[in-house]
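Data block for model06.cif (mmCIF, C-alpha atoms):
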```cif
data_final
loop_
_atom_site.group_PDB
_atom_site.id
_atom_site.type_symbol
_atom_site.label_atom_id
_atom_site.label_comp_id
_atom_site.auth_asym_id
_atom_site.auth_seq_id
_atom_site.Cartn_x
_atom_site.Cartn_y
_atom_site.Cartn_z
ATOM 1 C CA MET A 18 0.000 0.000 0.000
ATOM 2 C CA HIS A 19 2.304 2.784 1.256
ATOM 3 C CA GLY A 20 5.976 2.455 2.116
ATOM 4 C CA PHE A 21 6.129 4.862 5.054
ATOM 5 C CA LYS A 22 7.596 3.397 8.226
ATOM 6 C CA ARG A 23 7.410 6.397 10.556
ATOM 7 C CA ALA A 24 5.101 9.369 10.063
ATOM 8 C CA ALA A 25 4.002 12.498 11.885
ATOM 9 C CA VAL A 26 0.524 13.908 11.313
ATOM 10 C CA ILE A 27 -0.036 17.409 12.659
ATOM 11 C CA GLY A 28 -3.746 18.062 13.015
ATOM 12 C CA SER A 29 -4.729 14.474 13.727
ATOM 13 C CA SER A 30 -7.901 15.497 15.555
ATOM 14 C CA GLY A 31 -9.378 16.936 12.345
ATOM 15 C CA GLY A 32 -11.369 15.016 9.771
ATOM 16 C CA ILE A 33 -8.645 14.694 7.140
ATOM 17 C CA GLY A 34 -5.777 14.486 9.619
ATOM 18 C CA GLY A 35 -7.496 11.723 11.558
ATOM 19 C CA ALA A 36 -8.207 9.766 8.385
ATOM 20 C CA LEU A 37 -4.584 10.148 7.260
ATOM 21 C CA ALA A 38 -3.313 8.912 10.616
ATOM 22 C CA ARG A 39 -5.623 5.894 10.527
ATOM 23 C CA ARG A 40 -4.674 4.986 6.947
ATOM 24 C CA LEU A 41 -0.992 5.181 7.796
ATOM 25 C CA ALA A 42 -1.493 3.034 10.886
ATOM 26 C CA ASP A 43 -3.472 0.540 8.798
ATOM 27 C CA ALA A 44 -0.442 0.284 6.511
ATOM 28 C CA GLY A 45 1.828 -0.535 9.443
ATOM 29 C CA ALA A 46 3.505 2.836 9.953
ATOM 30 C CA VAL A 47 4.487 4.149 13.359
ATOM 31 C CA VAL A 48 2.258 7.225 13.575
ATOM 32 C CA HIS A 49 2.954 10.234 15.765
ATOM 33 C CA ALA A 50 -0.421 11.944 15.952
ATOM 34 C CA PHE A 51 -0.257 15.593 17.016
ATOM 35 C CA SER A 52 -3.170 17.810 18.006
ATOM 36 C CA ARG A 53 -3.803 20.621 20.461
ATOM 37 C CA SER A 54 -5.026 18.210 23.133
ATOM 38 C CA GLY A 55 -2.361 15.602 22.442
ATOM 39 C CA GLU A 56 -4.918 12.861 23.019
ATOM 40 C CA VAL A 57 -5.376 9.808 20.812
ATOM 41 C CA THR A 58 -8.107 7.192 20.917
ATOM 42 C CA ASP A 59 -6.315 4.737 18.641
ATOM 43 C CA SER A 60 -3.829 2.598 20.535
ATOM 44 C CA ARG A 61 -1.736 2.194 17.394
ATOM 45 C CA MET A 62 -0.769 5.878 17.489
ATOM 46 C CA ILE A 63 1.582 7.888 19.670
ATOM 47 C CA GLY A 64 -0.087 11.076 20.818
ATOM 48 C CA GLY A 65 1.552 14.464 21.169
ATOM 49 C CA ALA A 66 0.485 18.064 21.718
ATOM 50 C CA ILE A 67 1.033 20.843 19.178
ATOM 51 C CA ASP A 68 -0.659 24.230 19.062
ATOM 52 C CA LEU A 69 0.218 25.887 15.762
ATOM 53 C CA LEU A 70 -0.071 29.301 17.392
ATOM 54 C CA GLU A 71 2.577 28.435 20.005
ATOM 55 C CA GLU A 72 5.997 27.720 18.470
ATOM 56 C CA GLU A 73 7.347 26.291 21.724
ATOM 57 C CA THR A 74 4.872 23.409 21.482
ATOM 58 C CA ILE A 75 6.076 22.641 17.945
ATOM 59 C CA ALA A 76 9.709 22.731 19.042
ATOM 60 C CA ALA A 77 9.024 20.502 22.055
ATOM 61 C CA ALA A 78 7.131 17.976 19.933
ATOM 62 C CA ALA A 79 9.986 17.749 17.436
ATOM 63 C CA ALA A 80 12.567 17.468 20.199
ATOM 64 C CA GLY A 81 10.635 14.554 21.694
ATOM 65 C CA LEU A 82 10.994 12.351 18.614
ATOM 66 C CA ASP A 83 13.873 9.907 18.777
ATOM 67 C CA ALA A 84 13.927 8.509 15.238
ATOM 68 C CA PRO A 85 13.894 9.905 11.684
ATOM 69 C CA LEU A 86 10.586 10.406 9.890
ATOM 70 C CA ASP A 87 9.656 9.225 6.400
ATOM 71 C CA LEU A 88 6.616 11.473 6.215
ATOM 72 C CA VAL A 89 5.418 14.673 7.862
ATOM 73 C CA ILE A 90 1.926 15.915 7.017
ATOM 74 C CA VAL A 91 0.515 19.206 8.271
ATOM 75 C CA ALA A 92 -3.214 18.546 8.002
ATOM 76 C CA THR A 93 -4.521 21.775 9.457
ATOM 77 C CA GLY A 94 -6.464 24.716 8.116
ATOM 78 C CA LEU A 95 -8.843 27.513 9.066
ATOM 79 C CA LEU A 96 -11.718 28.761 6.914
ATOM 80 C CA HIS A 97 -14.275 29.741 9.539
ATOM 81 C CA ASP A 98 -14.986 29.516 13.232
ATOM 82 C CA GLY A 99 -17.332 31.226 15.662
ATOM 83 C CA ALA A 100 -15.804 34.652 15.040
ATOM 84 C CA LEU A 101 -14.443 34.233 11.531
ATOM 85 C CA SER A 102 -16.061 33.661 8.156
ATOM 86 C CA PRO A 103 -14.818 34.103 4.574
ATOM 87 C CA GLU A 104 -15.083 37.655 3.276
ATOM 88 C CA LYS A 105 -17.560 38.249 0.449
ATOM 89 C CA ALA A 106 -16.231 41.715 -0.491
ATOM 90 C CA PHE A 107 -13.344 44.033 0.304
ATOM 91 C CA ARG A 108 -15.547 45.991 2.704
ATOM 92 C CA ASP A 109 -15.428 42.910 4.950
ATOM 93 C CA LEU A 110 -11.644 43.001 5.321
ATOM 94 C CA ASP A 111 -10.491 43.142 8.933
ATOM 95 C CA GLY A 112 -6.879 43.241 10.102
ATOM 96 C CA PRO A 113 -7.074 40.901 13.115
ATOM 97 C CA LYS A 114 -9.139 38.381 11.159
ATOM 98 C CA LEU A 115 -6.652 38.410 8.277
ATOM 99 C CA ALA A 116 -3.845 37.924 10.789
ATOM 100 C CA ARG A 117 -5.621 34.875 12.210
ATOM 101 C CA TYR A 118 -5.926 33.308 8.754
ATOM 102 C CA PHE A 119 -2.211 33.745 8.172
ATOM 103 C CA ALA A 120 -1.295 32.558 11.662
ATOM 104 C CA VAL A 121 -3.061 29.225 11.177
ATOM 105 C CA ASN A 122 -2.795 28.611 7.440
ATOM 106 C CA THR A 123 0.689 29.962 6.710
ATOM 107 C CA ILE A 124 2.808 30.685 9.759
ATOM 108 C CA GLY A 125 1.870 27.520 11.655
ATOM 109 C CA PRO A 126 2.880 25.128 8.859
ATOM 110 C CA ALA A 127 6.050 27.171 8.258
ATOM 111 C CA LEU A 128 7.062 26.754 11.891
ATOM 112 C CA VAL A 129 6.324 23.028 11.713
ATOM 113 C CA ALA A 130 8.718 22.884 8.763
ATOM 114 C CA LYS A 131 11.337 24.792 10.750
ATOM 115 C CA HIS A 132 11.377 22.155 13.472
ATOM 116 C CA PHE A 133 10.399 18.981 11.605
ATOM 117 C CA LEU A 134 12.372 19.175 8.345
ATOM 118 C CA PRO A 135 15.621 18.338 10.194
ATOM 119 C CA LEU A 136 13.936 15.111 11.335
ATOM 120 C CA LEU A 137 13.366 13.767 7.825
ATOM 121 C CA SER A 138 15.200 10.552 7.085
ATOM 122 C CA ARG A 139 18.414 10.838 5.085
ATOM 123 C CA SER A 140 17.603 7.594 3.290
ATOM 124 C CA GLY A 141 14.821 6.816 0.844
ATOM 125 C CA THR A 142 12.541 9.624 -0.300
ATOM 126 C CA PRO A 143 11.076 11.375 2.753
ATOM 127 C CA VAL A 144 8.188 13.767 2.249
ATOM 128 C CA PHE A 145 7.048 16.940 3.973
ATOM 129 C CA ALA A 146 3.502 17.857 2.933
ATOM 130 C CA ALA A 147 1.022 20.525 3.991
ATOM 131 C CA LEU A 148 -2.651 20.693 3.118
ATOM 132 C CA SER A 149 -3.374 23.699 0.935
ATOM 133 C CA ALA A 150 -6.366 24.482 -1.290
ATOM 134 C CA ARG A 151 -7.136 25.107 -4.937
ATOM 135 C CA VAL A 152 -8.523 28.527 -3.995
ATOM 136 C CA GLY A 153 -4.954 29.486 -3.060
ATOM 137 C CA SER A 154 -4.060 29.441 -6.754
ATOM 138 C CA VAL A 155 -3.654 32.972 -8.112
ATOM 139 C CA GLY A 156 -4.066 31.800 -11.701
ATOM 140 C CA ASP A 157 -7.236 29.850 -10.917
ATOM 141 C CA ASN A 158 -9.009 32.648 -9.034
ATOM 142 C CA ARG A 159 -12.038 33.589 -11.101
ATOM 143 C CA LEU A 160 -14.673 34.166 -8.431
ATOM 144 C CA GLY A 161 -12.962 36.509 -5.974
ATOM 145 C CA GLY A 162 -13.955 36.745 -2.327
ATOM 146 C CA TRP A 163 -12.495 34.742 0.542
ATOM 147 C CA TYR A 164 -9.566 37.159 0.780
ATOM 148 C CA GLY A 165 -7.967 35.855 3.955
ATOM 149 C CA TYR A 166 -8.285 32.171 3.156
ATOM 150 C CA ARG A 167 -7.136 32.560 -0.455
ATOM 151 C CA ALA A 168 -4.196 34.785 0.433
ATOM 152 C CA SER A 169 -3.025 32.653 3.354
ATOM 153 C CA LYS A 170 -3.134 29.485 1.260
ATOM 154 C CA ALA A 171 -1.313 31.239 -1.597
ATOM 155 C CA ALA A 172 1.323 32.269 0.938
ATOM 156 C CA LEU A 173 1.528 28.668 2.138
ATOM 157 C CA ASN A 174 2.138 27.519 -1.441
ATOM 158 C CA MET A 175 4.970 30.040 -1.762
ATOM 159 C CA THR A 176 6.386 28.889 1.562
ATOM 160 C CA ILE A 177 6.395 25.288 0.322
ATOM 161 C CA LYS A 178 8.145 26.339 -2.892
ATOM 162 C CA THR A 179 10.815 28.212 -0.957
ATOM 163 C CA LEU A 180 11.303 25.361 1.499
ATOM 164 C CA ALA A 181 11.707 22.935 -1.397
ATOM 165 C CA ILE A 182 14.468 25.042 -2.963
ATOM 166 C CA GLU A 183 16.426 25.180 0.284
ATOM 167 C CA LEU A 184 15.777 21.523 1.118
ATOM 168 C CA ALA A 185 17.163 20.419 -2.239
ATOM 169 C CA ARG A 186 20.554 21.876 -1.333
ATOM 170 C CA THR A 187 21.012 19.754 1.776
ATOM 171 C CA ARG A 188 18.620 16.826 1.300
ATOM 172 C CA PRO A 189 18.194 16.281 -2.435
ATOM 173 C CA ASN A 190 16.336 13.041 -1.788
ATOM 174 C CA ALA A 191 13.543 14.794 0.128
ATOM 175 C CA ILE A 192 10.312 16.166 -1.356
ATOM 176 C CA CYS A 193 8.296 19.118 -0.073
ATOM 177 C CA VAL A 194 4.775 19.663 -1.433
ATOM 178 C CA ALA A 195 1.434 21.341 -0.849
ATOM 179 C CA LEU A 196 -1.635 19.147 -1.324
ATOM 180 C CA HIS A 197 -5.205 20.008 -2.269
ATOM 181 C CA PRO A 198 -7.479 17.378 -0.670
ATOM 182 C CA GLY A 199 -10.591 18.271 -2.632
ATOM 183 C CA THR A 200 -13.805 19.279 -0.909
ATOM 184 C CA VAL A 201 -14.081 16.948 2.063
ATOM 185 C CA ASP A 202 -17.083 16.331 4.286
ATOM 186 C CA THR A 203 -15.678 17.983 7.424
ATOM 187 C CA PRO A 204 -16.760 20.923 9.608
ATOM 188 C CA LEU A 205 -14.470 23.193 7.535
ATOM 189 C CA SER A 206 -16.540 22.692 4.380
ATOM 190 C CA LYS A 207 -19.943 22.108 5.981
ATOM 191 C CA PRO A 208 -21.438 25.595 5.395
ATOM 192 C CA PHE A 209 -20.419 25.527 1.714
ATOM 193 C CA GLN A 210 -21.272 22.002 0.628
ATOM 194 C CA ARG A 211 -24.463 22.896 -1.251
ATOM 195 C CA ARG A 212 -22.298 24.380 -4.016
ATOM 196 C CA VAL A 213 -20.267 21.217 -4.518
ATOM 197 C CA ALA A 214 -20.874 19.276 -7.728
ATOM 198 C CA GLU A 215 -22.300 15.785 -7.434
ATOM 199 C CA GLY A 216 -19.605 13.224 -6.733
ATOM 200 C CA ARG A 217 -17.076 15.871 -5.650
ATOM 201 C CA LEU A 218 -17.763 15.854 -1.905
ATOM 202 C CA PHE A 219 -15.359 13.285 -0.483
ATOM 203 C CA ALA A 220 -15.451 11.357 2.765
ATOM 204 C CA PRO A 221 -12.306 12.023 4.838
ATOM 205 C CA GLU A 222 -11.183 8.422 4.326
ATOM 206 C CA THR A 223 -11.489 8.755 0.557
ATOM 207 C CA SER A 224 -9.507 11.991 0.484
ATOM 208 C CA ALA A 225 -6.837 10.544 2.796
ATOM 209 C CA GLU A 226 -6.379 7.464 0.638
ATOM 210 C CA ARG A 227 -6.059 9.517 -2.528
ATOM 211 C CA LEU A 228 -3.611 11.930 -0.925
ATOM 212 C CA LEU A 229 -1.434 9.067 0.307
ATOM 213 C CA GLU A 230 -1.440 7.589 -3.190
ATOM 214 C CA VAL A 231 -0.324 10.959 -4.548
ATOM 215 C CA ILE A 232 2.441 11.148 -1.936
ATOM 216 C CA ALA A 233 3.590 7.607 -2.673
ATOM 217 C CA ASN A 234 3.992 8.480 -6.356
ATOM 218 C CA LEU A 235 5.782 11.811 -5.961
ATOM 219 C CA ARG A 236 8.881 12.472 -8.053
ATOM 220 C CA ALA A 237 11.787 14.817 -7.379
ATOM 221 C CA GLU A 238 10.429 17.353 -9.887
ATOM 222 C CA ASP A 239 7.180 17.579 -7.900
ATOM 223 C CA SER A 240 8.938 19.193 -4.952
ATOM 224 C CA GLY A 241 7.780 22.753 -4.408
ATOM 225 C CA THR A 242 4.461 22.360 -6.213
ATOM 226 C CA CYS A 243 0.831 22.128 -5.162
ATOM 227 C CA ILE A 244 -0.802 18.868 -6.226
ATOM 228 C CA GLY A 245 -4.452 17.896 -6.093
ATOM 229 C CA TRP A 246 -6.035 14.713 -4.778
ATOM 230 C CA ASP A 247 -6.201 13.497 -8.391
ATOM 231 C CA GLY A 248 -2.456 13.876 -8.952
ATOM 232 C CA ALA A 249 -2.806 16.962 -11.150
ATOM 233 C CA THR A 250 -0.506 19.919 -10.522
ATOM 234 C CA ILE A 251 -2.385 23.084 -9.563
ATOM 235 C CA VAL A 252 -1.249 26.277 -11.264
ATOM 236 C CA PRO A 253 0.444 28.801 -8.944
#
```
Will you turn the file into structure tokens for me?
Amino acid sequence: MHGFKRAAVIGSSGGIGGALARRLADAGAVVHAFSRSGEVTDSRMIGGAIDLLEEETIAAAAAGLDAPLDLVIVATGLLHDGALSPEKAFRDLDGPKLARYFAVNTIGPALVAKHFLPLLSRSGTPVFAALSARVGSVGDNRLGGWYGYRASKAALNMTIKTLAIELARTRPNAICVALHPGTVDTPLSKPFQRRVAEGRLFAPETSAERLLEVIANLRAEDSGTCIGWDGATIVP
């Protein structure tokens, strides 16, 4: 199925992150499952606490790992919560709300990379991946709106590209990518699912399996790109 022996999933309490962790465990990988609570209900996983807004928790989590990783997946993202919803027009722009989008969607994954990239195995083809979104594509933006989410995901894609360039200098065998999971039936997409075309709303397990297949088939030239659940490269 998948050849990963030791993996870290950041955001394992979420729908996609949890499904990814379970799929990896099913395939026999040692799974370090990180979430804000640090709790796991699956005895096959090793729990750990990470709050993306607190770098010290990311550093401590990385320092607590005693073996190289074949795969690191940042499966986190913020589109809406009780105080935040996607902007419909520029009159809705709000500084603190924009800052929150960037804190979770861009800065958090970047700090995970800072502390977890050094843990990637020096053998085989280790992968660092972060969940992005097609709406973060500048070239594919035809509808407008969703300023904070779009911009923070576009910034994440640029961060991944820049990380990949640097990583290639010291670990040419490693791959760094952004992944678009599709529209997945999770709380993140729930308010917007009525717009989804028939057959394009995926269960978390389906999305996780497809993403792991994409990861398993990555090539060196894919590093630095954003790739969809179907294996297609998404335009920057």
Compile the contact shell of Ile232 in chain A as a list in words: residues with an atom at most 10 Å away, counting all atoms listed in the file, same-chain residues fewer than 3 positions apart removed.
->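 Contacts, with the query itself left out: His19, Leu88, Pro143, Val144, Phe145, Ala146, Ile192, Val194, Leu196, Glu226, Arg227, Leu228, Leu229, Leu235, Arg236, Asp239, Ile244, Trp246 and Gly248 of chain A.
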Skip range 114-116 of chain A itself and residues of its chain fewer than 2 positions away, then list as an NGL selection string all residues within 12 Å of it, counting all atoms listed in the file.
-> :A and (70 or 95-104 or 107 or 109-112 or 118-125 or 163-170)
Test item: residues at most 9 Å from Gly20 in chain A, all atoms listed in the file, excluding those fewer than 6 positions along its chain, as a ChimeraX atom specification = /A:44-46,87,233
Kindly indicate which residue among A:Gly64, A:Gly94, A:Gly55, A:Pro85 lies nearest to Phe21 in chain A, using only C-alpha atoms for the distances.
->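 Checking each candidate against Phe21 in chain A, we get A:Pro85 as the closest.
For Leu128 in chain A, the list of residues within 9 Å, based on all atoms listed in the file and with local chain neighbours fewer than 4 positions off taken out, reads Leu69, Glu72, Ile75, Ala76, Thr123, Ile124, His132 and Phe133 of chain A.
CA of Thr74 in chain A is positioned 22.7 Å from CA of Ala172 in chain A.
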10 Å contact set for Ile177 in chain A, all atoms listed in the file, chain neighbours under 4 positions out, as a VMD selection string = chain A and resid 123 126 to 127 130 145 to 147 149 171 to 173 181 to 182 193 to 195 240 to 243
Using only C-alpha atoms: which of A:Arg23, A:Ala36, A:Ala50, A:Gly162 has the shortest distance to Ala106 in chain A |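 Among the listed residues, A:Gly162 lies closest to Ala106 in chain A.
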Hey, could you pull the box centre and edge lengths for range 108-126 of chain A, axis-aligned, 3 Å padding per side, all listed atoms, to one decimal in Å, as JSON?
```
{"center_x": -6.3, "center_y": 35.6, "center_z": 7.9, "size_x": 24.4, "size_y": 26.9, "size_z": 16.4}
```
Enter the distance from CA of Leu136 in chain A to CA of Lys22 in chain A, in Å, rounded to one decimal.
-> 13.7 Å
Distance of CA of Glu222 in chain A from CA of Ser140 in chain A, expressed in Å to one decimal place | 28.8 Å
From A:Val201, A:Ala66, A:Ala77, A:Ile251, residue lying nearest Ala220 in chain A [all atoms listed in the file] |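 Closest to Ala220 in chain A, using all atoms listed in the file: A:Val201.
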Residue completion, range 194-205 of chain A, all heavy atoms, as a tab-separated table (two decimals), keeping the file's coordinate frame:
```tsv
chain	number	residue	atom	x	y	z
A	194	VAL	N	5.91	19.32	-0.58
A	194	VAL	CA	4.78	19.66	-1.43
A	194	VAL	C	3.60	20.22	-0.63
A	194	VAL	O	3.47	19.98	0.56
A	194	VAL	CB	4.26	18.44	-2.23
A	194	VAL	CG1	5.28	17.98	-3.24
A	194	VAL	CG2	3.86	17.31	-1.29
A	195	ALA	N	2.75	20.96	-1.35
A	195	ALA	CA	1.43	21.34	-0.85
A	195	ALA	C	0.42	20.42	-1.52
A	195	ALA	O	0.60	20.03	-2.68
A	195	ALA	CB	1.14	22.80	-1.17
A	196	LEU	N	-0.64	20.08	-0.80
A	196	LEU	CA	-1.64	19.15	-1.32
A	196	LEU	C	-3.04	19.73	-1.20
A	196	LEU	O	-3.40	20.29	-0.17
A	196	LEU	CB	-1.59	17.82	-0.56
A	196	LEU	CG	-0.29	17.02	-0.62
A	196	LEU	CD1	-0.36	15.84	0.33
A	196	LEU	CD2	-0.02	16.54	-2.04
A	197	HIS	N	-3.79	19.61	-2.28
A	197	HIS	CA	-5.20	20.01	-2.27
A	197	HIS	C	-6.05	18.74	-2.09
A	197	HIS	O	-6.05	17.87	-2.96
A	197	HIS	CB	-5.56	20.70	-3.58
A	197	HIS	CG	-7.03	20.89	-3.78
A	197	HIS	ND1	-7.83	21.53	-2.86
A	197	HIS	CD2	-7.86	20.51	-4.80
A	197	HIS	CE1	-9.08	21.54	-3.30
A	197	HIS	NE2	-9.12	20.94	-4.46
A	198	PRO	N	-6.75	18.63	-0.96
A	198	PRO	CA	-7.48	17.38	-0.67
A	198	PRO	C	-8.82	17.25	-1.35
A	198	PRO	O	-9.49	16.22	-1.21
A	198	PRO	CB	-7.66	17.44	0.85
A	198	PRO	CG	-7.77	18.91	1.12
A	198	PRO	CD	-6.84	19.58	0.14
A	199	GLY	N	-9.24	18.27	-2.11
A	199	GLY	CA	-10.59	18.27	-2.63
A	199	GLY	C	-11.54	18.83	-1.58
A	199	GLY	O	-11.12	19.25	-0.49
A	200	THR	N	-12.82	18.84	-1.89
A	200	THR	CA	-13.80	19.28	-0.91
A	200	THR	C	-14.21	18.06	-0.09
A	200	THR	O	-14.74	17.09	-0.63
A	200	THR	CB	-15.04	19.89	-1.59
A	200	THR	OG1	-14.62	20.98	-2.41
A	200	THR	CG2	-16.02	20.40	-0.55
A	201	VAL	N	-13.92	18.11	1.19
A	201	VAL	CA	-14.08	16.95	2.06
A	201	VAL	C	-15.19	17.22	3.08
A	201	VAL	O	-15.35	18.35	3.56
A	201	VAL	CB	-12.74	16.63	2.77
A	201	VAL	CG1	-12.87	15.35	3.60
A	201	VAL	CG2	-11.62	16.48	1.74
A	202	ASP	N	-15.95	16.20	3.38
A	202	ASP	CA	-17.08	16.33	4.29
A	202	ASP	C	-16.59	16.45	5.73
A	202	ASP	O	-16.57	15.49	6.50
A	202	ASP	CB	-18.00	15.12	4.14
A	202	ASP	CG	-19.31	15.30	4.90
A	202	ASP	OD1	-19.56	16.42	5.39
A	202	ASP	OD2	-20.09	14.32	4.99
A	203	THR	N	-16.16	17.67	6.09
A	203	THR	CA	-15.68	17.98	7.42
A	203	THR	C	-16.34	19.28	7.88
A	203	THR	O	-16.95	19.99	7.07
A	203	THR	CB	-14.15	18.18	7.43
A	203	THR	OG1	-13.84	19.33	6.63
A	203	THR	CG2	-13.43	16.95	6.88
A	204	PRO	N	-16.19	19.64	9.16
A	204	PRO	CA	-16.76	20.92	9.61
A	204	PRO	C	-16.24	22.13	8.82
A	204	PRO	O	-16.96	23.12	8.68
A	204	PRO	CB	-16.33	20.98	11.08
A	204	PRO	CG	-16.27	19.54	11.50
A	204	PRO	CD	-15.72	18.82	10.29
A	205	LEU	N	-15.02	22.07	8.29
A	205	LEU	CA	-14.47	23.19	7.54
A	205	LEU	C	-15.33	23.51	6.31
A	205	LEU	O	-15.58	24.67	5.99
A	205	LEU	CB	-13.03	22.90	7.12
A	205	LEU	CG	-12.29	24.03	6.37
A	205	LEU	CD1	-10.82	24.07	6.79
A	205	LEU	CD2	-12.38	23.86	4.86
```
